[in-house]
file start-v1.pdb (PDB, C-alpha atoms, pLDDT in the B column)
MODEL        1
ATOM      1  CA  ALA A 242       0.000   0.000   0.000  1.00 82.00           C
ATOM      2  CA  PRO A 243       2.671   2.628   0.802  1.00 88.00           C
ATOM      3  CA  GLN A 244       4.351   2.093  -2.558  1.00 89.00           C
ATOM      4  CA  ARG A 245       0.994   2.349  -4.365  1.00 87.00           C
ATOM      5  CA  ILE A 246       0.080   5.496  -2.438  1.00 92.00           C
ATOM      6  CA  PHE A 247       3.341   7.329  -3.057  1.00 92.00           C
ATOM      7  CA  SER A 248       3.542   6.413  -6.735  1.00 94.00           C
ATOM      8  CA  ASP A 249      -0.092   7.081  -7.693  1.00 95.00           C
ATOM      9  CA  GLY A 250      -0.559  10.332  -9.601  1.00 96.00           C
ATOM     10  CA  CYS A 251      -4.241  10.482  -8.655  1.00 97.00           C
ATOM     11  CA  VAL A 252      -3.348  10.403  -4.963  1.00 97.00           C
ATOM     12  CA  ARG A 253      -0.823  13.169  -5.551  1.00 97.00           C
ATOM     13  CA  VAL A 254      -3.399  15.335  -7.327  1.00 97.00           C
ATOM     14  CA  ALA A 255      -5.995  14.759  -4.586  1.00 98.00           C
ATOM     15  CA  THR A 256      -3.437  15.525  -1.876  1.00 97.00           C
ATOM     16  CA  VAL A 257      -2.267  18.752  -3.516  1.00 98.00           C
ATOM     17  CA  VAL A 258      -5.836  19.898  -4.185  1.00 98.00           C
ATOM     18  CA  PHE A 259      -7.058  19.103  -0.684  1.00 98.00           C
ATOM     19  CA  PHE A 260      -4.137  20.271   1.438  1.00 98.00           C
ATOM     20  CA  GLY A 261      -3.299  23.178  -0.883  1.00 98.00           C
ATOM     21  CA  LEU A 262      -6.813  24.621  -0.698  1.00 98.00           C
ATOM     22  CA  PHE A 263      -7.083  23.748   3.000  1.00 98.00           C
ATOM     23  CA  GLY A 264      -3.855  25.626   3.783  1.00 98.00           C
ATOM     24  CA  LEU A 265      -4.721  28.587   1.573  1.00 98.00           C
ATOM     25  CA  SER A 266      -8.201  29.001   3.035  1.00 98.00           C
ATOM     26  CA  MET A 267      -6.825  28.542   6.554  1.00 98.00           C
ATOM     27  CA  VAL A 268      -4.397  31.428   6.000  1.00 98.00           C
ATOM     28  CA  MET A 269      -7.132  33.548   4.437  1.00 98.00           C
ATOM     29  CA  GLY A 270      -9.580  32.719   7.244  1.00 98.00           C
ATOM     30  CA  ALA A 271      -7.019  33.634   9.896  1.00 98.00           C
ATOM     31  CA  SER A 272      -5.949  36.900   8.222  1.00 97.00           C
ATOM     32  CA  GLU A 273      -9.010  39.041   8.902  1.00 96.00           C
ATOM     33  CA  ALA A 274      -7.089  42.247   8.104  1.00 96.00           C
ATOM     34  CA  GLN A 275      -5.958  41.052   4.665  1.00 98.00           C
ATOM     35  CA  PHE A 276      -9.045  39.016   3.754  1.00 98.00           C
ATOM     36  CA  PRO A 277     -11.917  40.626   5.657  1.00 97.00           C
ATOM     37  CA  GLY A 278     -14.933  38.381   6.087  1.00 97.00           C
ATOM     38  CA  PHE A 279     -13.464  35.447   4.145  1.00 98.00           C
ATOM     39  CA  ALA A 280     -14.270  32.766   6.721  1.00 98.00           C
ATOM     40  CA  GLU A 281     -17.717  34.252   7.340  1.00 98.00           C
ATOM     41  CA  ARG A 282     -18.559  34.240   3.622  1.00 98.00           C
ATOM     42  CA  VAL A 283     -17.347  30.667   3.174  1.00 98.00           C
ATOM     43  CA  CYS A 284     -18.851  29.103   6.302  1.00 97.00           C
ATOM     44  CA  GLY A 285     -21.441  31.544   7.535  1.00 97.00           C
ATOM     45  CA  SER A 286     -21.183  33.493  10.769  1.00 96.00           C
ATOM     46  CA  LYS A 287     -23.684  31.228  12.498  1.00 97.00           C
ATOM     47  CA  MET A 288     -21.613  28.089  11.873  1.00 96.00           C
ATOM     48  CA  LEU A 289     -18.383  29.739  12.996  1.00 97.00           C
ATOM     49  CA  GLU A 290     -19.966  31.118  16.160  1.00 96.00           C
ATOM     50  CA  GLY A 291     -21.456  27.677  16.856  1.00 94.00           C
ATOM     51  CA  THR A 292     -18.035  26.074  16.510  1.00 93.00           C
ATOM     52  CA  SER A 293     -16.539  28.616  18.890  1.00 95.00           C
ATOM     53  CA  GLU A 294     -19.341  28.092  21.430  1.00 93.00           C
ATOM     54  CA  ALA A 295     -19.065  24.297  21.221  1.00 88.00           C
ATOM     55  CA  PHE A 296     -15.438  24.415  22.335  1.00 90.00           C
ATOM     56  CA  GLN A 297     -15.659  27.001  25.124  1.00 89.00           C
ATOM     57  CA  LYS A 298     -15.606  24.377  27.880  1.00 84.00           C
ATOM     58  CA  PRO A 299     -12.423  22.342  28.332  1.00 82.00           C
ATOM     59  CA  LEU A 300     -12.902  18.857  26.944  1.00 75.00           C
ATOM     60  CA  ALA A 301     -11.780  17.122  30.141  1.00 73.00           C
ATOM     61  CA  VAL A 302     -14.744  18.644  32.021  1.00 71.00           C
ATOM     62  CA  ASP A 303     -17.337  16.589  30.141  1.00 72.00           C
ATOM     63  CA  PRO A 304     -16.077  13.224  28.817  1.00 74.00           C
ATOM     64  CA  ASP A 305     -19.497  12.357  27.341  1.00 76.00           C
ATOM     65  CA  SER A 306     -19.443  15.532  25.285  1.00 74.00           C
ATOM     66  CA  TYR A 307     -15.924  14.702  24.094  1.00 74.00           C
ATOM     67  CA  THR A 308     -17.003  11.234  22.955  1.00 81.00           C
ATOM     68  CA  ALA A 309     -20.086  12.556  21.178  1.00 82.00           C
ATOM     69  CA  ARG A 310     -18.073  15.295  19.493  1.00 77.00           C
ATOM     70  CA  ALA A 311     -15.380  12.837  18.373  1.00 80.00           C
ATOM     71  CA  ALA A 312     -18.020  10.499  16.954  1.00 84.00           C
ATOM     72  CA  PHE A 313     -19.640  13.388  15.060  1.00 84.00           C
ATOM     73  CA  TYR A 314     -16.380  14.572  13.483  1.00 82.00           C
ATOM     74  CA  ILE A 315     -15.243  11.059  12.605  1.00 83.00           C
ATOM     75  CA  LYS A 316     -18.609  10.345  10.964  1.00 88.00           C
ATOM     76  CA  HIS A 317     -18.530  13.713   9.171  1.00 88.00           C
ATOM     77  CA  ASN A 318     -15.018  13.307   7.799  1.00 88.00           C
ATOM     78  CA  THR A 319     -15.595   9.655   6.906  1.00 91.00           C
ATOM     79  CA  GLY A 320     -18.674  10.751   4.963  1.00 93.00           C
ATOM     80  CA  ILE A 321     -16.627  13.296   3.033  1.00 95.00           C
ATOM     81  CA  GLY A 322     -14.047  10.640   2.187  1.00 94.00           C
ATOM     82  CA  LEU A 323     -16.699   8.190   1.011  1.00 95.00           C
ATOM     83  CA  GLN A 324     -18.366  10.877  -1.113  1.00 96.00           C
ATOM     84  CA  CYS A 325     -15.053  11.724  -2.749  1.00 96.00           C
ATOM     85  CA  PHE A 326     -14.397   8.046  -3.438  1.00 96.00           C
ATOM     86  CA  ALA A 327     -17.863   7.469  -4.899  1.00 96.00           C
ATOM     87  CA  TYR A 328     -17.750  10.625  -7.026  1.00 97.00           C
ATOM     88  CA  GLY A 329     -14.238   9.780  -8.214  1.00 96.00           C
ATOM     89  CA  ILE A 330     -15.518   7.649 -11.059  1.00 95.00           C
ATOM     90  CA  LEU A 331     -16.823  10.874 -12.657  1.00 95.00           C
ATOM     91  CA  LEU A 332     -13.680  12.915 -11.804  1.00 96.00           C
ATOM     92  CA  ILE A 333     -15.175  16.452 -11.678  1.00 97.00           C
ATOM     93  CA  PRO A 334     -17.710  15.834  -8.849  1.00 97.00           C
ATOM     94  CA  CYS A 335     -14.907  14.286  -6.803  1.00 97.00           C
ATOM     95  CA  LEU A 336     -12.615  17.264  -7.293  1.00 98.00           C
ATOM     96  CA  PHE A 337     -15.458  19.694  -6.547  1.00 98.00           C
ATOM     97  CA  THR A 338     -16.407  17.867  -3.319  1.00 97.00           C
ATOM     98  CA  LEU A 339     -12.754  17.656  -2.296  1.00 97.00           C
ATOM     99  CA  ALA A 340     -12.119  21.348  -3.006  1.00 98.00           C
ATOM    100  CA  TYR A 341     -15.329  22.542  -1.331  1.00 98.00           C
ATOM    101  CA  ASN A 342     -14.635  20.632   1.870  1.00 97.00           C
ATOM    102  CA  ALA A 343     -10.984  21.677   1.921  1.00 98.00           C
ATOM    103  CA  ILE A 344     -11.998  25.336   1.703  1.00 98.00           C
ATOM    104  CA  VAL A 345     -14.714  25.069   4.378  1.00 97.00           C
ATOM    105  CA  LEU A 346     -12.515  23.099   6.787  1.00 96.00           C
ATOM    106  CA  GLY A 347      -9.547  25.415   6.162  1.00 98.00           C
ATOM    107  CA  ALA A 348     -11.632  28.548   6.687  1.00 98.00           C
ATOM    108  CA  THR A 349     -12.965  27.090   9.939  1.00 97.00           C
ATOM    109  CA  PHE A 350      -9.450  26.327  11.171  1.00 97.00           C
ATOM    110  CA  GLY A 351      -8.326  29.810  10.143  1.00 98.00           C
ATOM    111  CA  TYR A 352     -11.232  31.464  11.943  1.00 98.00           C
ATOM    112  CA  MET A 353     -10.571  29.465  15.102  1.00 98.00           C
ATOM    113  CA  SER A 354      -6.914  30.534  15.031  1.00 97.00           C
ATOM    114  CA  ARG A 355      -7.724  34.255  15.144  1.00 97.00           C
ATOM    115  CA  ASP A 356      -6.847  36.180  18.285  1.00 95.00           C
ATOM    116  CA  GLY A 357      -9.733  36.524  20.696  1.00 94.00           C
ATOM    117  CA  ILE A 358     -11.820  33.579  19.487  1.00 96.00           C
ATOM    118  CA  GLU A 359     -13.191  31.805  22.532  1.00 94.00           C
ATOM    119  CA  GLY A 360     -12.717  28.053  22.587  1.00 94.00           C
ATOM    120  CA  ALA A 361      -9.790  28.110  20.155  1.00 96.00           C
ATOM    121  CA  GLU A 362      -7.407  26.353  22.542  1.00 94.00           C
ATOM    122  CA  ASN A 363      -9.910  23.564  23.202  1.00 92.00           C
ATOM    123  CA  PHE A 364     -10.694  23.312  19.491  1.00 94.00           C
ATOM    124  CA  PHE A 365      -7.065  22.796  18.515  1.00 94.00           C
ATOM    125  CA  GLU A 366      -6.471  20.391  21.386  1.00 91.00           C
ATOM    126  CA  PHE A 367      -9.399  18.335  20.109  1.00 88.00           C
ATOM    127  CA  VAL A 368      -8.722  18.388  16.367  1.00 90.00           C
ATOM    128  CA  THR A 369      -4.981  17.790  16.531  1.00 89.00           C
ATOM    129  CA  ALA A 370      -5.656  14.434  18.191  1.00 83.00           C
ATOM    130  CA  HIS A 371      -7.459  12.988  15.180  1.00 83.00           C
ATOM    131  CA  GLY A 372      -7.597  15.606  12.419  1.00 87.00           C
ATOM    132  CA  PRO A 373      -4.356  14.710  10.620  1.00 91.00           C
ATOM    133  CA  PHE A 374      -5.493  11.114  10.200  1.00 93.00           C
ATOM    134  CA  GLU A 375      -8.996  12.003   9.054  1.00 92.00           C
ATOM    135  CA  LEU A 376      -7.915  14.732   6.655  1.00 95.00           C
ATOM    136  CA  THR A 377      -5.290  12.447   5.127  1.00 96.00           C
ATOM    137  CA  ALA A 378      -7.961   9.760   4.755  1.00 96.00           C
ATOM    138  CA  ILE A 379     -10.138  12.220   2.808  1.00 97.00           C
ATOM    139  CA  ALA A 380      -7.300  12.910   0.354  1.00 97.00           C
ATOM    140  CA  LEU A 381      -6.520   9.189   0.011  1.00 97.00           C
ATOM    141  CA  SER A 382     -10.184   8.338  -0.594  1.00 97.00           C
ATOM    142  CA  ALA A 383     -10.406  10.986  -3.288  1.00 97.00           C
ATOM    143  CA  GLY A 384      -7.216   9.684  -4.887  1.00 97.00           C
ATOM    144  CA  ALA A 385      -8.612   6.135  -4.954  1.00 97.00           C
ATOM    145  CA  GLY A 386     -11.847   7.406  -6.500  1.00 97.00           C
ATOM    146  CA  LEU A 387      -9.957   9.428  -9.094  1.00 97.00           C
ATOM    147  CA  ARG A 388      -7.967   6.302  -9.954  1.00 97.00           C
ATOM    148  CA  LEU A 389     -11.262   4.553 -10.807  1.00 97.00           C
ATOM    149  CA  GLY A 390     -12.354   7.544 -12.878  1.00 97.00           C
ATOM    150  CA  MET A 391      -9.091   7.546 -14.776  1.00 97.00           C
ATOM    151  CA  GLY A 392      -9.639   3.864 -15.510  1.00 97.00           C
ATOM    152  CA  LEU A 393     -13.045   4.690 -16.955  1.00 96.00           C
ATOM    153  CA  PHE A 394     -11.857   7.519 -19.186  1.00 95.00           C
ATOM    154  CA  HIS A 395      -8.233   6.599 -19.949  1.00 95.00           C
ATOM    155  CA  THR A 396      -8.291   2.922 -20.902  1.00 96.00           C
ATOM    156  CA  ARG A 397      -4.684   2.568 -22.140  1.00 94.00           C
ATOM    157  CA  GLY A 398      -5.854   0.233 -24.924  1.00 96.00           C
ATOM    158  CA  LEU A 399      -7.926  -2.050 -22.667  1.00 97.00           C
ATOM    159  CA  SER A 400     -11.665  -2.452 -22.872  1.00 97.00           C
ATOM    160  CA  ARG A 401     -13.456  -0.011 -20.594  1.00 97.00           C
ATOM    161  CA  VAL A 402     -14.520  -2.825 -18.237  1.00 97.00           C
ATOM    162  CA  ASP A 403     -10.997  -4.261 -18.028  1.00 98.00           C
ATOM    163  CA  SER A 404      -9.549  -0.780 -17.534  1.00 97.00           C
ATOM    164  CA  VAL A 405     -11.906  -0.027 -14.623  1.00 97.00           C
ATOM    165  CA  ARG A 406     -11.195  -3.484 -13.164  1.00 97.00           C
ATOM    166  CA  GLU A 407      -7.435  -2.810 -13.285  1.00 97.00           C
ATOM    167  CA  ALA A 408      -7.937   0.657 -11.816  1.00 97.00           C
ATOM    168  CA  GLY A 409      -9.967  -0.970  -9.037  1.00 96.00           C
ATOM    169  CA  ARG A 410      -7.057  -3.287  -8.241  1.00 96.00           C
ATOM    170  CA  GLN A 411      -4.820  -0.235  -7.966  1.00 95.00           C
ATOM    171  CA  ALA A 412      -7.348   1.747  -5.915  1.00 96.00           C
ATOM    172  CA  VAL A 413      -8.132  -0.934  -3.295  1.00 95.00           C
ATOM    173  CA  PRO A 414      -4.835  -0.600  -1.337  1.00 94.00           C
ATOM    174  CA  VAL A 415      -5.223   3.184  -1.277  1.00 95.00           C
ATOM    175  CA  MET A 416      -8.832   3.041  -0.142  1.00 94.00           C
ATOM    176  CA  ALA A 417      -7.977   0.400   2.468  1.00 93.00           C
ATOM    177  CA  ALA A 418      -5.240   2.638   3.856  1.00 94.00           C
ATOM    178  CA  SER A 419      -7.654   5.552   4.063  1.00 92.00           C
TER     179      SER A 419
ENDMDL
END
call {"tool": "encode", "arguments": {"input": "start-v1.pdb", "output": "structure tokens"}}
result
Amino acid sequence: APQRIFSDGCVRVATVVFFGLFGLSMVMGASEAQFPGFAERVCGSKMLEGTSEAFQKPLAVDPDSYTARAAFYIKHNTGIGLQCFAYGILLIPCLFTLAYNAIVLGATFGYMSRDGIEGAENFFEFVTAHGPFELTAIALSAGAGLRLGMGLFHTRGLSRVDSVREAGRQAVPVMAAS
């Protein structure tokens, strides 16, 4: 699986798209002076305020809340990964879903990193525990889906069915790793 992941061009594209847009929108969301209202336009003020409010209490105070919150975010990010994988066969919907979620997640992270945002410390304590794994899984899932889509559209002289079957063999280790 590691060799397949590192050598697959579709995984590279998905990783650059996801983490590139995530990083860019995080910087833009954090830089209120240079990009006024960016995070609010992307996510909506209500969602950002709700995120801030949800993390105002330290996580150790309420273990049940921590468990419920972790389950929600894991389910949410897993859903994004599965959508990207499923849409990958059509290429463009996968890239759109990947880009949209990268921008929204990045803008949220950027907003939460601004000075004076209540709950920011608790937010980053919470997301750094599992976020890197989940965000990487989203990019890997999209890469596996794009591999299937490339098999459908770029057959390399095989029949379309055989091309998709071969692409599936290449995508399975990537999807399993995600």
call {"tool": "closest_atom_pairs", "arguments": {"input": "start-v1.pdb", "of": "range 248-358 of chain A", "to": "range 383-407 of chain A", "cutoff": "8 Å", "atoms": "all atoms listed in the file", "output": "tab-separated table"}}
result
residue	atom	partner	partner_atom	distance
A:Cys251	CA	A:Gly384	CA	4.9
A:Val252	CA	A:Gly384	CA	3.9
A:Arg253	CA	A:Gly384	CA	7.3
A:Val254	CA	A:Gly384	CA	7.2
A:Ala255	CA	A:Gly384	CA	5.2
A:Thr256	CA	A:Gly384	CA	7.6
A:Gly322	CA	A:Ala383	CA	6.6
A:Cys325	CA	A:Ala383	CA	4.7
A:Phe326	CA	A:Gly386	CA	4.0
A:Ala327	CA	A:Gly386	CA	6.2
A:Tyr328	CA	A:Gly386	CA	6.7
A:Gly329	CA	A:Gly386	CA	3.8
A:Ile330	CA	A:Gly390	CA	3.7
A:Leu331	CA	A:Gly390	CA	5.6
A:Leu332	CA	A:Gly390	CA	5.6
A:Cys335	CA	A:Ala383	CA	6.6
A:Leu336	CA	A:Ala383	CA	7.8
A:Leu339	CA	A:Ala383	CA	7.1
call {"tool": "closest_atom_pairs", "arguments": {"input": "start-v1.pdb", "of": "range 267-301 of chain A", "to": "range 354-365 of chain A", "cutoff": "9 Å", "atoms": "all atoms listed in the file", "output": "CSV"}}
result
residue,atom,partner,partner_atom,distance
A:Met267,CA,A:Ser354,CA,8.7
A:Gly270,CA,A:Arg355,CA,8.3
A:Ala271,CA,A:Arg355,CA,5.3
A:Ser272,CA,A:Arg355,CA,7.6
A:Glu273,CA,A:Arg355,CA,8.0
A:Thr292,CA,A:Gly360,CA,8.3
A:Ser293,CA,A:Gly360,CA,5.3
A:Glu294,CA,A:Gly360,CA,6.7
A:Ala295,CA,A:Gly360,CA,7.5
A:Phe296,CA,A:Gly360,CA,4.5
A:Gln297,CA,A:Gly360,CA,4.0
A:Lys298,CA,A:Gly360,CA,7.1
A:Pro299,CA,A:Asn363,CA,5.8
A:Leu300,CA,A:Asn363,CA,6.7
call {"tool": "closest_residue", "arguments": {"input": "start-v1.pdb", "among": "A:Phe367, A:His317, A:Met353, A:Ile246", "to": "Ser419 in chain A", "atoms": "only C-alpha atoms"}}
result
A:Ile246
call {"tool": "residues_around", "arguments": {"input": "start-v1.pdb", "residues": "Gly372 in chain A", "least_positions_apart": "5", "cutoff": "12 Å", "atoms": "only C-alpha atoms", "output": "list of chain:residue names"}}
result
A:Ala311, A:Tyr314, A:Ile315, A:His317, A:Asn318, A:Thr319, A:Leu346, A:Gly347, A:Phe350, A:Phe364, A:Phe365, A:Glu366, A:Phe367, A:Thr377, A:Ala378, A:Ile379
call {"tool": "axis_aligned_box", "arguments": {"input": "start-v1.pdb", "around": "range 292-304 of chain A", "padding_each_side": "6 Å", "output": "AutoDock Vina command-line options"}}
result
--center_x -15.6 --center_y 20.9 --center_z 24.3 --size_x 19.6 --size_y 27.4 --size_z 27.5
call {"tool": "atom_distance", "arguments": {"input": "start-v1.pdb", "atom1": "CA of Phe279 in chain A", "atom2": "CA of Ser266 in chain A"}}
result
8.4 Å
call {"tool": "atom_distance", "arguments": {"input": "start-v1.pdb", "atom1": "CA of Thr369 in chain A", "atom2": "CA of Gln275 in chain A"}}
result
26.1 Å
call {"tool": "residues_near_point", "arguments": {"input": "start-v1.pdb", "point": "(-9.0, -0.4, -3.5)", "cutoff": "10 Å", "atoms": "only C-alpha atoms", "output": "short mmCIF file (atom, residue, chain, number, x, y, z; two decimals) with C-alpha atoms, in the frame of the given file"}}
result
data_model
loop_
_atom_site.label_atom_id
_atom_site.label_comp_id
_atom_site.auth_asym_id
_atom_site.auth_seq_id
_atom_site.Cartn_x
_atom_site.Cartn_y
_atom_site.Cartn_z
CA ALA A 242 0.00 0.00 0.00
CA SER A 382 -10.18 8.34 -0.59
CA ALA A 385 -8.61 6.14 -4.95
CA GLY A 386 -11.85 7.41 -6.50
CA ARG A 388 -7.97 6.30 -9.95
CA LEU A 389 -11.26 4.55 -10.81
CA ALA A 408 -7.94 0.66 -11.82
CA GLY A 409 -9.97 -0.97 -9.04
CA ARG A 410 -7.06 -3.29 -8.24
CA GLN A 411 -4.82 -0.24 -7.97
CA ALA A 412 -7.35 1.75 -5.92
CA VAL A 413 -8.13 -0.93 -3.30
CA PRO A 414 -4.84 -0.60 -1.34
CA VAL A 415 -5.22 3.18 -1.28
CA MET A 416 -8.83 3.04 -0.14
CA ALA A 417 -7.98 0.40 2.47
CA ALA A 418 -5.24 2.64 3.86
CA SER A 419 -7.65 5.55 4.06
#
call {"tool": "atom_distance", "arguments": {"input": "start-v1.pdb", "atom1": "CA of Asn342 in chain A", "atom2": "CA of Gly250 in chain A"}}
result
20.9 Å
call {"tool": "resolve_selection", "arguments": {"input": "start-v1.pdb", "expression": "the PyMOL selection byres ((chain A and resi 284) around 12)", "output": "compact mmCIF listing (two decimals) with C-alpha atoms, in the frame of the given file"}}
result
# COMPACT_ATOMS: atom_id res chain seq x y z
CA SER A 266 -8.20 29.00 3.04
CA GLY A 270 -9.58 32.72 7.24
CA GLY A 278 -14.93 38.38 6.09
CA PHE A 279 -13.46 35.45 4.14
CA ALA A 280 -14.27 32.77 6.72
CA GLU A 281 -17.72 34.25 7.34
CA ARG A 282 -18.56 34.24 3.62
CA VAL A 283 -17.35 30.67 3.17
CA GLY A 285 -21.44 31.54 7.54
CA SER A 286 -21.18 33.49 10.77
CA LYS A 287 -23.68 31.23 12.50
CA MET A 288 -21.61 28.09 11.87
CA LEU A 289 -18.38 29.74 13.00
CA GLU A 290 -19.97 31.12 16.16
CA GLY A 291 -21.46 27.68 16.86
CA THR A 292 -18.04 26.07 16.51
CA TYR A 341 -15.33 22.54 -1.33
CA ASN A 342 -14.64 20.63 1.87
CA ALA A 343 -10.98 21.68 1.92
CA ILE A 344 -12.00 25.34 1.70
CA VAL A 345 -14.71 25.07 4.38
CA LEU A 346 -12.52 23.10 6.79
CA GLY A 347 -9.55 25.42 6.16
CA ALA A 348 -11.63 28.55 6.69
CA THR A 349 -12.96 27.09 9.94
CA PHE A 350 -9.45 26.33 11.17
CA GLY A 351 -8.33 29.81 10.14
CA TYR A 352 -11.23 31.46 11.94
call {"tool": "closest_residue", "arguments": {"input": "start-v1.pdb", "among": "A:Phe276, A:Phe337, A:Phe313, A:Phe260", "to": "Pro373 in chain A", "atoms": "all atoms listed in the file"}}
result
A:Phe260
